[in-house]
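Below is one structure, written out as structure tokens; comments come after it.
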Amino acid sequence: MEDEPIGPHKRRVRYKGTHPRSFSEKYKELDSERYPGEIEKVKARGATPAGDHLSICVGEVLEILDPRPGESVVDATLGHGGHSAELLKAISPGGRLYGLDRDPVEIAKTEARLRAAGYGPESFVAVRMNFSELGSLFPIGGIDGVDMLLADLGVSSMQIDDPERGFTFKHDGPLDMRMDPDGGRSAAELLLDIPEAALRELIDEYSDEPEARVIARVLTQRRGTIDTTAALRNAVRYAVEDRVGSEDLTRKAIRRTFQALRIAVNGELDALDSLLAALPRCLNPGGRAAILCFHSGEESRVERSFREGVASGAYGSMSSEAVRASPGERRDNPRSSSARLLWARKSLGDR
Ligand SMILES: C[S@@+](CC[C@H](N)C(=O)[O-])C[C@H]1O[C@@H](n2cnc3c(N)ncnc32)[C@H](O)[C@@H]1O
């Protein structure tokens, strides 16, 4: 039986068959106050509730960063605040965490949640910014660097699950994909004038999609008509379906094309390069950095930067190989399957 909503009585929204008319009708777990217990039910099915985010490799991140009371942290990708909440517990009392995010919608909600959990401005500071500007964050609060930095790259489940943001091919919505909707061009705008060869390169480089050539061709032929997630999904399906010969490979091509466009729209790899360039001087002596990567473009950049940092003496040590989510976590949270966690540490004597 479904949980009855609490609060003032309103006529129950009637579902129309299996296709609710709006996102809010479908995802009752987004309204946890009116539908208590809905989140637990969804989690029990092994899924991530819409509007929620299961933080990945939390134990592994804590083991690597080894946070202590009184220490300082930058969480460069605050998201739902799951990692931050654990880090805040570990650095209390006396520590301070700066939570960065470029998403104005989600950062406001997460700040409110962490404040409600008892973290005042002395221990938690929310900073709406692109982490590409990490170098310009300091000095902040009288300090020139922090003891730890975490970056959990990509987008959160909340962003993906909201069709209005245009990240998902599973529901129709405007083809936006901007983490910061106040700036830059949407995916629909990008598709309006990108040359076919550049589009092909982008899909190939940012998602390793083997059918990048035909996908770029069809998206170019349909230029001007692809302004919704459904239009993009249908175009990719049309391009690859007969060639790849299976629904599984067709869906992979759709997922990869969405990923490639998202990376391009948000300049994700350039932002990562800037973060990695600024990182050593933003860490205190003995400082630790942990970065959760989700595709080869991210992992190779982080690996290279850490390796060069060790060679130049900017770091004292780094991960010998990427840490993966445990088999249990991969089973319970499929989004963790592609995670690769890399770390670097500055020597105690380094500034
Ligand atoms: C995977 S989620 C982080 C989830 C978080 N670790 C948690 O436990 O809830 C990534 C978040 O980083 C943000 N983000 C991605 N790239 C960013 C950038 N260049 N600058 C600032 N925030 C960014 C996204 O908006 C998103 O909220």
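In the structure tokens, chains take letters A, B, ... by order of appearance, with residues numbered from 1 within each chain and ligands from 1 in the order shown.
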- Message: Taking the DSSP secondary structure from the backbone, can you list the residues of segment 102-351 of chain A that are strand (DSSP E or B), as a PyMOL selection string?
- Response: chain A and resi 124-128+140+143+146-152+174+228+283-293+317-318+323+340-345
Could you write those residues out with N, CA and C atoms, as a CSV table (one decimal), in the first residue's frame?
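Wrote part_0.csv, looks like this:
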chain,number,residue,atom,x,y,z
A,124,PHE,N,31.1,25.2,7.9
A,124,PHE,CA,30.8,24.9,6.5
A,124,PHE,C,30.5,26.2,5.7
A,125,VAL,N,31.2,26.3,4.6
A,125,VAL,CA,31.0,27.5,3.7
A,125,VAL,C,30.7,27.0,2.3
A,126,ALA,N,29.5,27.4,1.8
A,126,ALA,CA,29.1,27.0,0.5
A,126,ALA,C,29.6,28.1,-0.5
A,127,VAL,N,30.2,27.7,-1.5
A,127,VAL,CA,30.8,28.6,-2.5
A,127,VAL,C,30.3,28.3,-3.9
A,128,ARG,N,29.4,29.1,-4.5
A,128,ARG,CA,29.0,28.8,-5.8
A,128,ARG,C,30.0,29.3,-6.8
A,140,ILE,N,41.3,32.5,1.8
A,140,ILE,CA,39.9,32.5,2.2
A,140,ILE,C,39.9,32.2,3.7
A,143,ILE,N,43.2,31.6,5.4
A,143,ILE,CA,44.2,30.5,5.1
A,143,ILE,C,44.5,30.5,3.6
A,146,VAL,N,44.4,24.2,2.0
A,146,VAL,CA,43.6,23.3,2.8
A,146,VAL,C,44.4,22.0,3.0
A,147,ASP,N,43.9,21.2,4.0
A,147,ASP,CA,44.5,19.9,4.3
A,147,ASP,C,44.1,18.8,3.3
A,148,MET,N,42.9,19.0,2.7
A,148,MET,CA,42.4,18.0,1.8
A,148,MET,C,41.5,18.6,0.7
A,149,LEU,N,41.5,17.9,-0.4
A,149,LEU,CA,40.5,18.3,-1.5
A,149,LEU,C,39.9,17.0,-2.1
A,150,LEU,N,38.6,17.1,-2.3
A,150,LEU,CA,37.9,16.0,-2.9
A,150,LEU,C,37.2,16.6,-4.2
A,151,ALA,N,37.3,15.8,-5.3
A,151,ALA,CA,36.5,16.2,-6.4
A,151,ALA,C,35.8,14.9,-6.9
A,152,ASP,N,34.5,14.9,-7.0
A,152,ASP,CA,33.7,13.7,-7.4
A,152,ASP,C,33.1,14.2,-8.7
A,174,PRO,N,13.7,19.8,-22.2
A,174,PRO,CA,14.5,20.7,-23.1
A,174,PRO,C,16.0,20.2,-23.1
A,228,THR,N,15.1,18.9,-27.9
A,228,THR,CA,14.6,18.2,-26.8
A,228,THR,C,15.4,16.9,-26.6
A,283,LEU,N,47.1,23.1,-1.6
A,283,LEU,CA,47.2,22.1,-0.5
A,283,LEU,C,48.3,22.5,0.5
A,284,ASN,N,48.0,22.3,1.8
A,284,ASN,CA,49.0,22.5,2.8
A,284,ASN,C,50.1,21.4,2.8
A,285,PRO,N,51.2,21.6,3.4
A,285,PRO,CA,52.2,20.5,3.5
A,285,PRO,C,51.5,19.3,4.1
A,286,GLY,N,51.7,18.1,3.5
A,286,GLY,CA,51.1,16.9,4.0
A,286,GLY,C,49.6,16.8,3.4
A,287,GLY,N,49.2,17.7,2.6
A,287,GLY,CA,47.8,17.8,2.1
A,287,GLY,C,47.5,16.6,1.2
A,288,ARG,N,46.2,16.2,1.2
A,288,ARG,CA,45.8,15.0,0.4
A,288,ARG,C,44.7,15.5,-0.6
A,289,ALA,N,44.8,14.9,-1.8
A,289,ALA,CA,43.7,15.1,-2.8
A,289,ALA,C,43.2,13.8,-3.3
A,290,ALA,N,41.9,13.7,-3.4
A,290,ALA,CA,41.2,12.5,-4.0
A,290,ALA,C,40.3,12.9,-5.1
A,291,ILE,N,40.4,12.2,-6.2
A,291,ILE,CA,39.5,12.6,-7.3
A,291,ILE,C,38.9,11.3,-7.9
A,292,LEU,N,37.5,11.4,-7.9
A,292,LEU,CA,36.7,10.3,-8.4
A,292,LEU,C,36.4,10.6,-9.9
A,293,CYS,N,36.9,9.7,-10.8
A,293,CYS,CA,36.8,9.9,-12.2
A,293,CYS,C,35.8,8.8,-12.7
A,317,SER,N,53.7,11.6,-3.1
A,317,SER,CA,53.3,10.3,-3.5
A,317,SER,C,51.9,10.3,-4.2
A,318,MET,N,51.5,9.2,-4.8
A,318,MET,CA,50.2,9.1,-5.5
A,318,MET,C,49.8,7.7,-5.6
A,323,VAL,N,41.6,3.1,-7.4
A,323,VAL,CA,40.7,2.3,-6.5
A,323,VAL,C,39.3,2.3,-7.1
A,340,ARG,N,36.6,5.5,-10.8
A,340,ARG,CA,38.0,5.2,-10.6
A,340,ARG,C,38.5,6.3,-9.6
A,341,LEU,N,39.0,5.9,-8.5
A,341,LEU,CA,39.5,6.9,-7.5
A,341,LEU,C,41.0,7.0,-7.5
A,342,LEU,N,41.5,8.2,-7.7
A,342,LEU,CA,42.9,8.4,-7.7
A,342,LEU,C,43.3,9.4,-6.6
A,343,TRP,N,44.5,9.3,-6.1
A,343,TRP,CA,44.9,10.2,-5.0
A,343,TRP,C,46.3,10.7,-5.2
A,344,ALA,N,46.6,11.8,-4.5
A,344,ALA,CA,48.0,12.3,-4.5
A,344,ALA,C,48.1,13.0,-3.1
A,345,ARG,N,49.4,13.0,-2.6
A,345,ARG,CA,49.6,13.5,-1.3
A,345,ARG,C,50.9,14.4,-1.4
- Residues near Pro67 of chain A, cut-off 12 Å, only C-alpha atoms, skip fewer than 2 positions along chain, as number ranges by chain: A: 59, 61-65, 69-74, 83-84, 86-93, 95-97, 146-150, 286-290
- Would you please give, as JSON, numbers by chain, all residues of segment 156-347 of chain A that DSSP assigns to alpha helix (DSSP H) based on the backbone? {"A": [157, 158, 159, 160, 161, 187, 188, 189, 190, 191, 192, 193, 196, 197, 198, 199, 200, 201, 202, 203, 204, 205, 206, 207, 212, 213, 214, 215, 216, 217, 218, 219, 220, 221, 229, 230, 231, 232, 233, 234, 235, 236, 237, 238, 239, 240, 241, 242, 243, 244, 247, 248, 249, 250, 251, 252, 253, 254, 255, 256, 257, 258, 259, 260, 261, 262, 263, 264, 265, 268, 269, 270, 271, 272, 273, 274, 275, 276, 277, 278, 279, 280, 281, 282, 296, 297, 298, 299, 300, 301, 302, 303, 304, 305, 306, 307, 308, 309, 310, 311, 312, 327, 328, 329, 330, 331, 332]}
- Note on the structure: Of A:Ala278, A:Ser336, A:Ser326, A:Ala112, the one nearest to Ala314 of chain A when counting only C-alpha atoms is A:Ala278
- Item | Contacts of Val155 of chain A within 9 Å, only C-alpha atoms, excl. fewer than 3 positions in-chain, as a ChimeraX atom specification | /A:79,152,158-160,167,179
Select from chain A every residue with an atom at most 8 Å from any atom of ligand 1, then for each give the shortest pair of atoms and their distance in Å to one decimal, using only C-alpha atoms and all ligand atoms, rows by chain and rising number, as a tab-separated table.
residue	atom	partner	partner_atom_place_in_ligand_line	distance
A:His53	CA	ligand 1	9 (O)	5.8
A:Leu54	CA	ligand 1	8 (O)	6.7
A:Ser55	CA	ligand 1	8 (O)	4.1
A:Ile56	CA	ligand 1	8 (O)	6.9
A:Asp75	CA	ligand 1	6 (N)	7.7
A:Ala76	CA	ligand 1	21 (C)	6.2
A:Thr77	CA	ligand 1	12 (O)	3.6
A:Leu78	CA	ligand 1	5 (C)	5.0
A:Gly79	CA	ligand 1	27 (O)	3.4
A:His80	CA	ligand 1	9 (O)	3.4
A:Gly81	CA	ligand 1	9 (O)	4.1
A:Gly82	CA	ligand 1	8 (O)	3.5
A:His83	CA	ligand 1	8 (O)	4.2
A:Ser84	CA	ligand 1	8 (O)	6.6
A:Leu100	CA	ligand 1	21 (C)	5.7
A:Asp101	CA	ligand 1	22 (N)	3.5
A:Arg102	CA	ligand 1	21 (C)	4.1
A:Asp103	CA	ligand 1	25 (O)	4.7
A:Glu106	CA	ligand 1	27 (O)	6.5
A:Ile107	CA	ligand 1	27 (O)	7.3
A:Arg128	CA	ligand 1	21 (C)	7.4
A:Met129	CA	ligand 1	21 (C)	5.6
A:Asn130	CA	ligand 1	20 (N)	3.4
A:Phe131	CA	ligand 1	20 (N)	3.9
A:Ser132	CA	ligand 1	19 (N)	5.7
A:Ala151	CA	ligand 1	6 (N)	7.2
A:Asp152	CA	ligand 1	1 (C)	5.1
A:Leu153	CA	ligand 1	10 (C)	5.3
A:Gly154	CA	ligand 1	10 (C)	5.0
A:Val155	CA	ligand 1	10 (C)	4.4
A:Ser156	CA	ligand 1	2 (S)	3.9
A:Ser157	CA	ligand 1	2 (S)	7.4
A:Gln159	CA	ligand 1	27 (O)	7.3
A:Met179	CA	ligand 1	25 (O)	5.2
A:Asp180	CA	ligand 1	25 (O)	7.4
A:Asn266	CA	ligand 1	19 (N)	7.6
A:Gly267	CA	ligand 1	19 (N)	7.8
A:Glu268	CA	ligand 1	19 (N)	6.1
A:Ala271	CA	ligand 1	19 (N)	5.2
A:Leu272	CA	ligand 1	19 (N)	6.8
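Minimum atom-to-atom distances from A:Asn234, A:Ser320, A:Ser274, A:Gln221 to Ile254 of chain A were compared using only C-alpha atoms, and the lowest value belongs to A:Asn234.
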- Using only C-alpha atoms, which of A:Val214, A:Ala197, A:Ile263, A:Ala277 sits nearest Val244 of chain A? A:Val214
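Here atom CA of Asp227 of chain A stands at a distance of 4.9 Å from atom CA of Ala188 of chain A.
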- Quick one: pull the distance between atom CA of Gly224 of chain A and atom CA of Ile194 of chain A, Å, one decimal.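 We find that atom CA of Gly224 of chain A and atom CA of Ile194 of chain A lie 11.4 Å from each other.
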- Could you tell me how far atom CA of Phe138 of chain A lies from atom CA of Phe294 of chain A, in Å and to one decimal? 27.8 Å
